Amino acid sequence: MQRAYNFNAGPSALPLEVLNRAQAELVNYKGTGMSVMELSHRSKEYDQVHQQAISDLRTLLRIPDDYQVLFLQGGASLQFSMIPMNFLTPGKTADYILTGSWSQKALEEANKFGETNVIASSKDEKFSYIPEVNGDNHSTNSAYVHITSNNTIYGTQWEKYPTYTDVPLIADMSSDILCRETNVEQFGMIYAGAQKNLGPSGVTVAIIKDSLLKQSNSNLPTMLDYHTHVKSNSLYNTPPTFSIYMLSLVLDWVKEQGGVSAIEARNKEKAALLYHTIDESEGFYKAHAKDGSRSIMNVSYTLPSDELTKKFLAQAKEKGFVGLNGHRSIGGCRASIYNAVPYESVEALASFMKAFKSEN
Ligand SMILES: *Cc1c(COP(=O)(O)O)cnc(C)c1O
């Protein structure tokens, strides 16, 4: 069977090697006579999967020892609530930088728990850029500064993160975790729903610094308290075992590709090819993101008219391209080119875009 040219925004493409391995191991995982889905989450076989996923993530992202790695449920969206619940302590203000719909949602949740402050925003220009922010830019009694590292819908990405020394920086990296080398030490917390760069949906990764955990609110509902998951190594209740297993296979695949730096180099080549195609189109295609803020994960672009956009998407569909519709909030087109999207898919898209432009 032919694999689709999958540019879905999330859930999104998984590496073929990972899917083949999951298939091979599906009905009899390592001689257990059952699938990973059927193993007890307290069994030694599952425990190995769980530990391996944590240790591979630690290695790949070079996570220091004073950070906890958690596997949670409820998606990145539940983190929008858990973060203020745990870390917006009485008398403090939570600072948010607004760079798109996801950061706005995160802010709206924090508003339900306490004082917030928008310290920078790019809403004035349809979230087409990442604002200039430095490490002094925060409230005097700031609990944390929250950013969205990559704006999945608008196709913008932080190129260089602000360096905060006295306030924890918290990043929603749902759509770009593991896409490039990252200095985890710059952050108090990083979180990401798995379904873009890490695996299937169902598991959310949270990486939290011990010093931040120490400052959290107490008396929270058990499942919404990070300490519950820290103390039980993310095994307080039944974790999404199959999603974590798939995550472990994806991490294995990243290692086989040469690690994060090799993935980063490939991602940059894929993104450069698409932006080059856009920039060379004499204004036929226009990237939503301004120069200096362009995402290497989500390339959002427009065509000269709605009619041409419709025609483009219809022809693309016929040719086997999937997921190129822009998000309903901004329209146009978007190609999500996450880690698992092969270079060949991007090449095929670039050729199609060139051909479509000359025909129209
Ligand atoms: C997809 C996405 C989310 C939402 O993730 P869920 O796991 O569906 O809650 C949040 N933030 C960003 C940046 C995303 O790309």
# chains A, B, ... in the order shown; residues from 1 in each chain; ligands from 1

$ residues_near_ligand --ligand "ligand 1" --cutoff "9 Å" --atoms "only C-alpha atoms and all ligand atoms" --output "count of residues only"
37

$ closest_atom_pairs --of "range 237-328 of chain A" --to "range 127-146 of chain A" --cutoff "6 Å" --atoms "only C-alpha atoms" --output "Markdown table"
| residue | atom | partner | partner_atom | distance |
| --- | --- | --- | --- | --- |
| A:His288 | CA | A:Ser128 | CA | 5.9 |
| A:Ala289 | CA | A:Ser128 | CA | 4.5 |
| A:Lys290 | CA | A:Tyr129 | CA | 5.6 |
| A:Ser293 | CA | A:Tyr129 | CA | 5.3 |

$ closest_residue --among "A:Leu178, A:Ile278, A:Lys310, A:Glu359" --to "Asp56 in chain A" --atoms "only C-alpha atoms"
A:Leu178

$ select_by_dssp --residues "range 19-113 of chain A" --states "strand (DSSP E or B)" --output "VMD selection string"
chain A and resid 67 to 72 93 to 98

$ select_by_dssp --residues "range 25-138 of chain A" --states "helix (DSSP H, G or I)" --output "JSON, numbers by chain"
{"A": [25, 29, 30, 31, 36, 37, 38, 44, 45, 46, 47, 48, 49, 50, 51, 52, 53, 54, 55, 56, 57, 58, 59, 60, 61, 75, 76, 77, 78, 79, 80, 81, 82, 83, 84, 85, 86, 87, 101, 102, 103, 104, 105, 106, 107, 108, 109, 110, 111, 123, 124, 125]}

$ atom_distance --atom1 "CA of Gly332 in chain A" --atom2 "CA of Lys311 in chain A"
11.5 Å

$ decode --residues "range 10-72 of chain A" --atoms "C-alpha atoms" --output "PDB file, in the first residue's frame"
ATOM      1  CA  GLY A  10      -1.685  16.664  14.785  1.00  0.00           C
ATOM      2  CA  PRO A  11      -2.128  13.794  15.203  1.00  0.00           C
ATOM      3  CA  SER A  12       0.451  13.619  12.484  1.00  0.00           C
ATOM      4  CA  ALA A  13       2.849  11.394  10.584  1.00  0.00           C
ATOM      5  CA  LEU A  14       4.755   8.708  12.460  1.00  0.00           C
ATOM      6  CA  PRO A  15       7.943   7.140  11.108  1.00  0.00           C
ATOM      7  CA  LEU A  16       7.166   4.115   8.936  1.00  0.00           C
ATOM      8  CA  GLU A  17       9.903   2.173  10.756  1.00  0.00           C
ATOM      9  CA  VAL A  18       8.087   2.766  14.049  1.00  0.00           C
ATOM     10  CA  LEU A  19       4.744   1.604  12.671  1.00  0.00           C
ATOM     11  CA  ASN A  20       6.339  -1.516  11.187  1.00  0.00           C
ATOM     12  CA  ARG A  21       8.016  -2.366  14.458  1.00  0.00           C
ATOM     13  CA  ALA A  22       4.803  -1.838  16.421  1.00  0.00           C
ATOM     14  CA  GLN A  23       3.038  -4.097  13.957  1.00  0.00           C
ATOM     15  CA  ALA A  24       5.673  -6.814  14.268  1.00  0.00           C
ATOM     16  CA  GLU A  25       5.457  -6.681  18.067  1.00  0.00           C
ATOM     17  CA  LEU A  26       1.718  -6.178  18.292  1.00  0.00           C
ATOM     18  CA  VAL A  27       0.339  -9.585  19.191  1.00  0.00           C
ATOM     19  CA  ASN A  28       3.322 -11.036  21.007  1.00  0.00           C
ATOM     20  CA  TYR A  29       5.490  -8.467  22.725  1.00  0.00           C
ATOM     21  CA  LYS A  30       8.942  -9.915  23.469  1.00  0.00           C
ATOM     22  CA  GLY A  31       7.647 -13.430  23.998  1.00  0.00           C
ATOM     23  CA  THR A  32       4.981 -12.468  26.561  1.00  0.00           C
ATOM     24  CA  GLY A  33       2.237 -13.905  24.360  1.00  0.00           C
ATOM     25  CA  MET A  34       0.399 -10.612  24.515  1.00  0.00           C
ATOM     26  CA  SER A  35       0.382  -7.078  23.236  1.00  0.00           C
ATOM     27  CA  VAL A  36       1.867  -4.186  25.218  1.00  0.00           C
ATOM     28  CA  MET A  37      -1.767  -3.040  25.494  1.00  0.00           C
ATOM     29  CA  GLU A  38      -2.584  -6.218  27.408  1.00  0.00           C
ATOM     30  CA  LEU A  39       0.336  -6.126  29.855  1.00  0.00           C
ATOM     31  CA  SER A  40      -0.189  -5.058  33.437  1.00  0.00           C
ATOM     32  CA  HIS A  41       1.182  -1.586  34.020  1.00  0.00           C
ATOM     33  CA  ARG A  42       2.876  -3.115  37.079  1.00  0.00           C
ATOM     34  CA  SER A  43       4.607  -5.879  35.090  1.00  0.00           C
ATOM     35  CA  LYS A  44       8.359  -5.950  34.631  1.00  0.00           C
ATOM     36  CA  GLU A  45       7.942  -5.913  30.838  1.00  0.00           C
ATOM     37  CA  TYR A  46       5.899  -2.719  30.915  1.00  0.00           C
ATOM     38  CA  ASP A  47       8.158  -1.190  33.528  1.00  0.00           C
ATOM     39  CA  GLN A  48      11.065  -1.632  31.139  1.00  0.00           C
ATOM     40  CA  VAL A  49       9.210   0.227  28.383  1.00  0.00           C
ATOM     41  CA  HIS A  50       8.337   3.036  30.808  1.00  0.00           C
ATOM     42  CA  GLN A  51      11.873   3.418  32.154  1.00  0.00           C
ATOM     43  CA  GLN A  52      13.427   3.239  28.710  1.00  0.00           C
ATOM     44  CA  ALA A  53      11.161   6.022  27.440  1.00  0.00           C
ATOM     45  CA  ILE A  54      12.132   8.245  30.371  1.00  0.00           C
ATOM     46  CA  SER A  55      15.837   7.542  30.064  1.00  0.00           C
ATOM     47  CA  ASP A  56      15.873   8.020  26.272  1.00  0.00           C
ATOM     48  CA  LEU A  57      14.110  11.332  26.621  1.00  0.00           C
ATOM     49  CA  ARG A  58      16.648  12.351  29.266  1.00  0.00           C
ATOM     50  CA  THR A  59      19.521  11.419  26.980  1.00  0.00           C
ATOM     51  CA  LEU A  60      18.134  12.959  23.802  1.00  0.00           C
ATOM     52  CA  LEU A  61      17.226  16.280  25.413  1.00  0.00           C
ATOM     53  CA  ARG A  62      20.158  16.219  27.854  1.00  0.00           C
ATOM     54  CA  ILE A  63      17.769  16.758  30.751  1.00  0.00           C
ATOM     55  CA  PRO A  64      19.707  17.556  33.948  1.00  0.00           C
ATOM     56  CA  ASP A  65      19.194  15.399  37.055  1.00  0.00           C
ATOM     57  CA  ASP A  66      17.307  18.085  38.935  1.00  0.00           C
ATOM     58  CA  TYR A  67      14.394  17.837  36.497  1.00  0.00           C
ATOM     59  CA  GLN A  68      11.547  15.341  36.699  1.00  0.00           C
ATOM     60  CA  VAL A  69      10.169  13.669  33.565  1.00  0.00           C
ATOM     61  CA  LEU A  70       6.456  12.914  33.774  1.00  0.00           C
ATOM     62  CA  PHE A  71       3.951  11.145  31.534  1.00  0.00           C
ATOM     63  CA  LEU A  72       0.525  12.678  32.026  1.00  0.00           C
TER      64      LEU A  72
END
